[in-house]
Amino acid sequence: MTERRVLAEGRRFLLRRKRDLVRLAAWSLLESAHTFLGGYGVARALDDGFLAGRTGTGLLWLAVAAAGTLLGGFAVRGVFGGLAGLVEPLRDGLVRRAVSQALAAAVADPARAESAAGGTAVSRLTHQTEIARDSFAGLVLTARSFVFTALGALLGMASLEPALTLVVLPPLLLGLAMFLATLAPMAAVQRAFLDADEALSARVGAVGAGLRDVVACGGERHVTADVGRLIDAEARLSRRLARWAAVRTLALGAAGRLPVIALLLATPWLLRRGVTAGTLLGALTYLIQALLPALDALMTALGTAGTRLLVVLERFTAAPSELPARPERPASIKSAVLLRPTPPAAELRGVSFAYGPGARPVLDGLDLVLHPGEHLAVVGPSGIGKSTLTALLAGLLAPTGGTVAVAGVPALLPQQAYVFTGTVLDNLRYLRPDATPAQVRQTVDALGLAPLLQRLGGPDAVIAPGRLSQGERQLLALGRAYLSPAPLLLLDEATCHLDPDTEERTERALAARPGTLIVVAHRISSALRADRVLVLDGDRAQCAPHGELLARSALYRDLVGLWHPDAA
Amino acid sequence: MTSPPPNAPGPAAPMRPAGPFGHARAPGPAGTSRPASRASCDGKQHAADRAERVLWGAGRHSGGRAVAVLVCSVASALAALAEPAVLGRSLDLLLARDPGASRWVTLCAALIAAEVVLDALVALLTGTVNARSTAWLRQRALARLLTASPHHAARFAPGDLATRLTANATEAGTVPATAAGAAAALLPPLGALVALLLIDLWTAAAFLAGAPLLVLLLRSFARTSSGTVSRYQRAQSAMADRLVEALAGARTIAAAGTVVREQRRVLATLPELAAEGRTMWLVYGRAVARSGVLMPLLVCVVLAVGGARLASGALDVGDLVAASRYASLAAGIGAVAGVLGALVRGRTAARRTAELLALPAVPHGRGALPAGGTGTLELRGVTVLRDGKPVLRGVDLLVPGGATAAVVGRSGAGKSLLAAVAGRLVDPDEGSVLLDGVPLDSVEPGQLRREVGHAFARPALFGTTVGDTIAFGTDVPAPGAVRSAARAAGADGFVTRLPYGYDTPLADAPLSGGELQRLGLARAFAHAGRLLILDDAMSGLDTVTQRQVERALAHDVRPGTRLVVAHRLSSAARADLVVWLDGGRVRAAGPHRTLWRDPAYRAVFATAGAADA
């Protein structure tokens, strides 16, 4: 299925690059000429020169063969130019695809992308594109070399003596057919082998990362058996590969060596037809010096690089439907509520969300109306659905039931602040690329970012995100949120790495900014500052000002009490 | 130990020097192949000897087959050597229309057929020996890895381990068969040179004069390309860096709808990559062109000299055929370098795999813990050294059976190490650890792990499904036990919210740090024995959830001794006994209430309390 898709895409790719193909073919034809001259020169040197007692003529013809060799070398340089024109665009395309697929998958399922830390995506971007590049180049190089060498050799033999091709072609074709028949089954084994190797590698990596846990649980025997099975499975596959390698060697022998035997057996007949010693030597040169090495290279490349290329390309050719779809943005509030005098900033009606059809819902029948300019804090035990709520409002998740409506496009600040390699200014203006210097200055003042900016080397300094502390990253992201035109800000524990004073300052600044603010609280102090507090408690949710909630919610009292360090 | 730095998601993808085709490796994981780790104290020579021994062991494992590889490849080489002479002789007789020709033609055909069949056999045997040797090396390394102390094994990073057991073991596994075939690889070129000398001194001289050029001209590639290759790799890793950054900010990008912008940013260095890539092919093409013309030119030279000798009647046509064939066989001396290179690479790889075999195995006793023991834990004069410095010094400690002891102290005080020593994840350098009066190192390992359980701050989970990860251990608990352990650990709530509940594949369950911790707790609870060690295992839980778990631990999990490494004041306050560690020593031990009077003790929580809310 995917295989067919890969082949179809490959065909389209090659068709788009006709010019490079023609260039490659033209240089390769020059290589054919080299092959042709190699055998022809030797035959003439013998017949017209050495055997006729004219050593000078013989040497001249050998010089022609040598010139052909130099011509071949020249052609090889041209071939590599054409090859680059074919291989580099393939790699470029794969790199682009690796990036766009990784980003698309990340956007569709941000939580997983963030926890995977880019492992597979990086391997695909660097390692696998290189495998494809090398294998594809190897295939093109050897397949083309075989075709044009064979062409040169057969033309050479035909011009020396047409009957030679009759003798040589049948065993050559027989061997090639044998080889082609091994391709599909061998590719299947090879693919299984690559899969097994990858599975083993992943498992060993996981065991290595958790050795302490394996020992602590007494799971050594279990792990030994488990990994041992993978090792044995791979060994079985590699023995099967060895059997196919033997068959391939036989096929190579048939294609490359049987023609020599056929030539020897047919020699008496050929001699009777007037074939000369030089012609025979020329034919042997074609067979042994030109065809055999080309065949050898072709079979090696097709047998290993071919499968590898196919396997890698298949990974890049996921069907569009296999990529997870991103949910629609929540309905715009303007269309949803037209008649009210002041439309709410966000509105949730009977919203439910579950991670699967059989799973218990994380949110169940949640109703919430947020007024423009309001400041809401969300509290509750871990894993209760606070982040799910922000994801629903940001449009990252679609509710399983009910409706979510938001006025305008909100800005979401997750716990893990996103800072990229780029200037400080670009990072700040991420959500408003056209921000004026005055707006930036105001943001820096409001959030007290000046010391941070100074530490980073000014607004035009390029940031290396790895060098920033988590707190510094969060501050930059908060500045970005302040500067953004979004009417609704969603802070999902976005201040957890800041000290309490800085947290208070930024939260107050963000609340004072025109627009609505929702804060998933990391410290209870965040709740005290809010207009209203939403307590999530599994099946129930309550929303009220702090004082009122203290009276109404036992969980809230518990949270406030326990959160306070002295309460223990 | 309390808060190990998060693994930096460095895009250290293994990047081979790209270019030459056909050397592509199997797409492995993003296993970062590090440079060989520091030679251990026993020195380089020792490591080489060990690699040698391991390779001999692997060779003996497939001894018969390895000998068969040797015999078949030597036979094939001899057939290949005989073939040109027989071919030349056949041709001469055929040209002379000699009736005896058919015998020589038959002999020639038989030689060629034998060569093909022998080569096929060599391919089959080599592949089989490689597969057997690789599997043998892997099984041995794995077994040793799992009998070593996790602390010793920790010097190998997970990606590094994966490389040593996969790619390195594969390469090392080719050594026995390659070594067996290496002798045969020398035969054709050397034999061909001798044959050339026997046929005609002049042609041999022509060959020998031309050959040195071959070596000289083959050298030029590495010099010219390395700059391009490193620029290419730099452009590639710049892209990888930016992609990793963007993926870590997936939520922000998704919410802001800036995917297209991010794509452009990541791909900014692609044009540079493409330009360097093209240069690489051109450089490589020049090298191939140079080396490609050499052998044909050499054969031409031999033919020219041989032709002149033929014209003067000193040689037959058959001799000329044989001479040209021997010349190309002799020029194949370069292949020997390839074999030697493979052997060197294989030995280097073997050294890396063999480093795993050098891990000291943890000795175990066969003793048993007293039946019905309550789990009295005693540490006597325990000292643990790291890099020659004591991290725990002379720790004496007695935790009565059934009691809960909290271990507190500033970070770096040795809390996690104490927990590891108490559960025999690490052996002390001095002193001893006793459980119900029996030294831990004398206890039979199965019973030890059944009776002593651990939960960690960052547990590593094993198993296919979420349920499997809780069941992982010496014995498989009943499904009901898994569920109730999960409930006690506060994990049942989020597990049942997963798409398939307990049957959700682990790979499909995006878990937060706190959720991972609770699965780790559930695993420990499901297998709880007389001693349970919780090493900062609730740091990711909010205070309400932690309270619930502590309550369940007191009532719903098998009763026994608990050793709890904790940062929160509440944990210390609720423990029967607090062990206050300071700089690797026990500064004080006693009830929280008593210790609280000491301002220095209160200061331990002042810093910890601010960090976690």
# chains A, B, ... in the order shown; residues from 1 in each chain; ligands from 1

call {"tool": "residues_around", "arguments": {"residues": "Ala209 of chain A", "least_positions_apart": "5", "cutoff": "8 Å", "atoms": "only C-alpha atoms", "output": "number ranges by chain"}}
result
B: 157-158, 460

call {"tool": "write_last_selection", "arguments": {"atoms": "C-alpha atoms", "output": "mmCIF file, in the first residue's frame"}}
result
data_model
loop_
_atom_site.group_PDB
_atom_site.id
_atom_site.type_symbol
_atom_site.label_atom_id
_atom_site.label_comp_id
_atom_site.auth_asym_id
_atom_site.auth_seq_id
_atom_site.Cartn_x
_atom_site.Cartn_y
_atom_site.Cartn_z
ATOM 1 C CA ALA B 157 24.086 6.685 28.690
ATOM 2 C CA PRO B 158 20.975 4.862 27.387
ATOM 3 C CA ALA B 460 11.238 4.229 34.407
#

call {"tool": "closest_atom_pairs", "arguments": {"of": "segment 37-83 of chain B", "to": "segment 98-119 of chain B", "cutoff": "9 Å", "atoms": "only C-alpha atoms", "output": "Markdown table"}}
result
| residue | atom | partner | partner_atom | distance |
| --- | --- | --- | --- | --- |
| B:Cys72 | CA | B:Leu118 | CA | 5.8 |
| B:Ser73 | CA | B:Leu118 | CA | 7.1 |
| B:Ala75 | CA | B:Leu118 | CA | 7.4 |
| B:Ser76 | CA | B:Glu115 | CA | 5.0 |
| B:Ala77 | CA | B:Glu115 | CA | 7.8 |
| B:Leu78 | CA | B:Glu115 | CA | 8.8 |
| B:Ala79 | CA | B:Leu111 | CA | 5.7 |
| B:Ala80 | CA | B:Glu115 | CA | 6.6 |
| B:Ala82 | CA | B:Leu111 | CA | 7.8 |
| B:Glu83 | CA | B:Cys108 | CA | 6.3 |

call {"tool": "write_last_selection", "arguments": {"atoms": "C-alpha atoms", "output": "PDB file, in the first residue's frame"}}
result
ATOM      1  CA  CYS B  72      35.759 -22.428   1.295  1.00  0.00           C
ATOM      2  CA  SER B  73      37.314 -19.018   0.772  1.00  0.00           C
ATOM      3  CA  ALA B  75      39.409 -23.017  -2.164  1.00  0.00           C
ATOM      4  CA  SER B  76      37.583 -20.266  -4.034  1.00  0.00           C
ATOM      5  CA  ALA B  77      40.724 -18.135  -4.130  1.00  0.00           C
ATOM      6  CA  LEU B  78      42.743 -21.060  -5.524  1.00  0.00           C
ATOM      7  CA  ALA B  79      40.104 -21.646  -8.189  1.00  0.00           C
ATOM      8  CA  ALA B  80      40.193 -17.953  -9.071  1.00  0.00           C
ATOM      9  CA  ALA B  82      43.963 -21.197 -11.559  1.00  0.00           C
ATOM     10  CA  GLU B  83      41.238 -19.884 -13.833  1.00  0.00           C
TER      11      GLU B  83
END

call {"tool": "residues_around", "arguments": {"residues": "segment 321-336 of chain B", "least_positions_apart": "3", "cutoff": "7 Å", "atoms": "only C-alpha atoms", "output": "list in words"}}
result
Leu281 of chain A; Pro84, Ala85, Gly88, Ala185, Leu186, Pro188, Pro189, Leu190, Ala192, Leu193, Leu196, Phe207, Met295, Val299, Val302, Leu303, Val317, Gly318, Val339 and Leu340 of chain B

call {"tool": "select_by_dssp", "arguments": {"residues": "segment 446-557 of chain B", "states": "strand (DSSP E)", "output": "list in words"}}
result
Val452, Gly453, His454, Ala455, Phe456, Leu531, Leu532, Ile533, Leu534 and Asp535 of chain B

call {"tool": "closest_residue", "arguments": {"among": "A:Arg144, A:Arg212, A:Arg315, A:Arg229", "to": "Ala301 of chain A", "atoms": "only C-alpha atoms"}}
result
A:Arg144

call {"tool": "residues_around", "arguments": {"residues": "Leu125 of chain B", "least_positions_apart": "4", "cutoff": "10 Å", "atoms": "only C-alpha atoms", "output": "list in words"}}
result
Arg239, Ala242, Arg243 and Ala246 of chain A; Arg65, Ala66, Val67, Ala68, Val69, Leu70, Cys72, Asp119, Ala120, Leu121, Val129, Asn130, Ala131 and Ala177 of chain B

call {"tool": "residues_around", "arguments": {"residues": "segment 432-442 of chain A", "least_positions_apart": "3", "cutoff": "9 Å", "atoms": "only C-alpha atoms", "output": "ChimeraX atom specification"}}
result
/A:425-426,428-429,445-447,479-480,483-485

call {"tool": "atom_distance", "arguments": {"atom1": "atom CA of Leu370 of chain A", "atom2": "atom CA of Gly383 of chain A"}}
result
23.1 Å

call {"tool": "residues_around", "arguments": {"residues": "Ser553 of chain A", "least_positions_apart": "3", "cutoff": "10 Å", "atoms": "only C-alpha atoms", "output": "PDB file with N, CA and C atoms, in the first residue's frame"}}
result
ATOM      1  N   VAL A 535     -12.906  26.200  40.963  1.00  0.00           N
ATOM      2  CA  VAL A 535     -12.344  25.007  41.591  1.00  0.00           C
ATOM      3  C   VAL A 535     -12.805  23.792  40.805  1.00  0.00           C
ATOM      4  N   ASP A 537     -13.048  19.809  40.599  1.00  0.00           N
ATOM      5  CA  ASP A 537     -13.015  18.736  41.587  1.00  0.00           C
ATOM      6  C   ASP A 537     -13.585  17.475  40.967  1.00  0.00           C
ATOM      7  N   ALA A 541     -17.658  21.305  39.598  1.00  0.00           N
ATOM      8  CA  ALA A 541     -16.833  22.508  39.460  1.00  0.00           C
ATOM      9  C   ALA A 541     -17.607  23.653  40.081  1.00  0.00           C
ATOM     10  N   GLN A 542     -16.909  24.494  40.830  1.00  0.00           N
ATOM     11  CA  GLN A 542     -17.563  25.653  41.417  1.00  0.00           C
ATOM     12  C   GLN A 542     -16.777  26.897  41.053  1.00  0.00           C
ATOM     13  N   CYS A 543     -17.510  27.980  40.793  1.00  0.00           N
ATOM     14  CA  CYS A 543     -16.848  29.213  40.398  1.00  0.00           C
ATOM     15  C   CYS A 543     -17.435  30.364  41.200  1.00  0.00           C
ATOM     16  N   ALA A 544     -16.585  31.065  41.965  1.00  0.00           N
ATOM     17  CA  ALA A 544     -17.052  32.177  42.803  1.00  0.00           C
ATOM     18  C   ALA A 544     -15.843  32.970  43.269  1.00  0.00           C
ATOM     19  N   GLU A 548     -16.204  33.745  49.022  1.00  0.00           N
ATOM     20  CA  GLU A 548     -17.420  32.939  48.911  1.00  0.00           C
ATOM     21  C   GLU A 548     -17.077  31.455  48.828  1.00  0.00           C
ATOM     22  N   LEU A 549     -16.003  31.155  48.058  1.00  0.00           N
ATOM     23  CA  LEU A 549     -15.614  29.758  47.886  1.00  0.00           C
ATOM     24  C   LEU A 549     -15.144  29.138  49.193  1.00  0.00           C
ATOM     25  N   LEU A 550     -14.436  29.946  49.990  1.00  0.00           N
ATOM     26  CA  LEU A 550     -13.954  29.439  51.275  1.00  0.00           C
ATOM     27  C   LEU A 550     -15.116  28.891  52.089  1.00  0.00           C
ATOM     28  N   TYR A 556     -11.692  23.526  48.374  1.00  0.00           N
ATOM     29  CA  TYR A 556     -10.982  24.800  48.292  1.00  0.00           C
ATOM     30  C   TYR A 556     -10.351  25.140  49.633  1.00  0.00           C
ATOM     31  N   ARG A 557     -11.123  24.904  50.694  1.00  0.00           N
ATOM     32  CA  ARG A 557     -10.564  25.162  52.034  1.00  0.00           C
ATOM     33  C   ARG A 557      -9.323  24.303  52.248  1.00  0.00           C
ATOM     34  N   ASP A 558      -9.441  23.046  51.840  1.00  0.00           N
ATOM     35  CA  ASP A 558      -8.335  22.102  51.967  1.00  0.00           C
ATOM     36  C   ASP A 558      -7.117  22.606  51.192  1.00  0.00           C
ATOM     37  N   LEU A 559      -7.382  23.036  49.957  1.00  0.00           N
ATOM     38  CA  LEU A 559      -6.294  23.513  49.092  1.00  0.00           C
ATOM     39  C   LEU A 559      -5.613  24.733  49.702  1.00  0.00           C
TER      40      LEU A 559
END

call {"tool": "closest_residue", "arguments": {"among": "A:Ala254, A:Ala527, A:Ala206, A:Val107", "to": "Leu461 of chain B", "atoms": "only C-alpha atoms"}}
result
A:Ala206

call {"tool": "closest_residue", "arguments": {"among": "A:Leu250, A:Ile463, A:Ala188, A:Val147", "to": "chain B", "atoms": "only C-alpha atoms"}}
result
A:Leu250

call {"tool": "closest_residue", "arguments": {"among": "A:Val76, A:Ala25, A:Leu287, A:Leu7", "to": "Ser291 of chain B", "atoms": "only C-alpha atoms"}}
result
A:Val76

call {"tool": "residues_around", "arguments": {"residues": "Ala481 of chain B", "least_positions_apart": "5", "cutoff": "10 Å", "atoms": "only C-alpha atoms", "output": "JSON, numbers by chain"}}
result
{"B": [470, 471, 476, 486, 487, 522, 525, 526, 527]}

call {"tool": "closest_residue", "arguments": {"among": "A:Gly380, A:Pro89, A:Pro399, A:Gly138", "to": "chain B", "atoms": "only C-alpha atoms"}}
result
A:Gly138

call {"tool": "atom_distance", "arguments": {"atom1": "atom CA of Gly394 of chain B", "atom2": "atom CA of Val586 of chain B"}}
result
8.5 Å

call {"tool": "closest_residue", "arguments": {"among": "B:Pro363, B:Gly540, B:Gly560, B:Gly412", "to": "Asp427 of chain B", "atoms": "only C-alpha atoms"}}
result
B:Pro363

call {"tool": "select_by_dssp", "arguments": {"residues": "segment 134-326 of chain A", "states": "alpha helix (DSSP H)", "output": "PyMOL selection string"}}
result
chain A and resi 134-160+162-209+211-217+220-272+277-284+292-300+306-316

call {"tool": "atom_distance", "arguments": {"atom1": "atom CA of Leu55 of chain B", "atom2": "atom CA of Pro150 of chain B"}}
result
25.6 Å

call {"tool": "decode", "arguments": {"residues": "segment 539-581 of chain B", "atoms": "C-alpha atoms", "output": "PDB file, in the first residue's frame"}}
result
ATOM      1  CA  SER B 539       7.414  15.366  44.696  1.00  0.00           C
ATOM      2  CA  GLY B 540       5.177  15.806  41.654  1.00  0.00           C
ATOM      3  CA  LEU B 541       1.935  15.363  43.576  1.00  0.00           C
ATOM      4  CA  ASP B 542      -0.036  18.271  44.897  1.00  0.00           C
ATOM      5  CA  THR B 543      -0.471  18.365  48.627  1.00  0.00           C
ATOM      6  CA  VAL B 544      -4.035  17.059  48.591  1.00  0.00           C
ATOM      7  CA  THR B 545      -3.170  14.052  46.476  1.00  0.00           C
ATOM      8  CA  GLN B 546      -0.070  13.385  48.546  1.00  0.00           C
ATOM      9  CA  ARG B 547      -2.173  13.334  51.686  1.00  0.00           C
ATOM     10  CA  GLN B 548      -4.547  10.830  50.103  1.00  0.00           C
ATOM     11  CA  VAL B 549      -1.692   8.592  49.001  1.00  0.00           C
ATOM     12  CA  GLU B 550      -0.116   8.709  52.454  1.00  0.00           C
ATOM     13  CA  ARG B 551      -3.419   7.722  53.994  1.00  0.00           C
ATOM     14  CA  ALA B 552      -3.801   4.814  51.585  1.00  0.00           C
ATOM     15  CA  LEU B 553      -0.195   3.776  52.223  1.00  0.00           C
ATOM     16  CA  ALA B 554      -0.991   3.550  55.917  1.00  0.00           C
ATOM     17  CA  HIS B 555      -4.198   1.545  55.496  1.00  0.00           C
ATOM     18  CA  ASP B 556      -4.486  -0.147  52.098  1.00  0.00           C
ATOM     19  CA  VAL B 557      -0.938  -1.365  51.335  1.00  0.00           C
ATOM     20  CA  ARG B 558       0.790  -4.328  52.975  1.00  0.00           C
ATOM     21  CA  PRO B 559       2.070  -3.023  56.319  1.00  0.00           C
ATOM     22  CA  GLY B 560       5.810  -2.812  56.849  1.00  0.00           C
ATOM     23  CA  THR B 561       8.735  -0.478  57.359  1.00  0.00           C
ATOM     24  CA  ARG B 562       8.817   2.660  55.215  1.00  0.00           C
ATOM     25  CA  LEU B 563      11.846   4.766  54.444  1.00  0.00           C
ATOM     26  CA  VAL B 564      10.712   8.051  52.883  1.00  0.00           C
ATOM     27  CA  VAL B 565      13.048  10.614  51.357  1.00  0.00           C
ATOM     28  CA  ALA B 566      11.065  13.832  51.529  1.00  0.00           C
ATOM     29  CA  HIS B 567      11.318  17.571  51.092  1.00  0.00           C
ATOM     30  CA  ARG B 568       7.990  18.562  52.520  1.00  0.00           C
ATOM     31  CA  LEU B 569       7.560  19.470  56.094  1.00  0.00           C
ATOM     32  CA  SER B 570       4.295  17.545  56.294  1.00  0.00           C
ATOM     33  CA  SER B 571       6.017  14.262  55.424  1.00  0.00           C
ATOM     34  CA  ALA B 572       8.574  14.716  58.174  1.00  0.00           C
ATOM     35  CA  ALA B 573       5.900  15.763  60.647  1.00  0.00           C
ATOM     36  CA  ARG B 574       3.865  12.627  60.046  1.00  0.00           C
ATOM     37  CA  ALA B 575       6.804  10.164  60.223  1.00  0.00           C
ATOM     38  CA  ASP B 576       7.555   8.139  63.355  1.00  0.00           C
ATOM     39  CA  LEU B 577      11.208   8.966  63.035  1.00  0.00           C
ATOM     40  CA  VAL B 578      13.155  11.626  61.153  1.00  0.00           C
ATOM     41  CA  VAL B 579      16.701  11.013  59.947  1.00  0.00           C
ATOM     42  CA  TRP B 580      18.399  14.329  59.339  1.00  0.00           C
ATOM     43  CA  LEU B 581      21.334  14.015  56.955  1.00  0.00           C
TER      44      LEU B 581
END
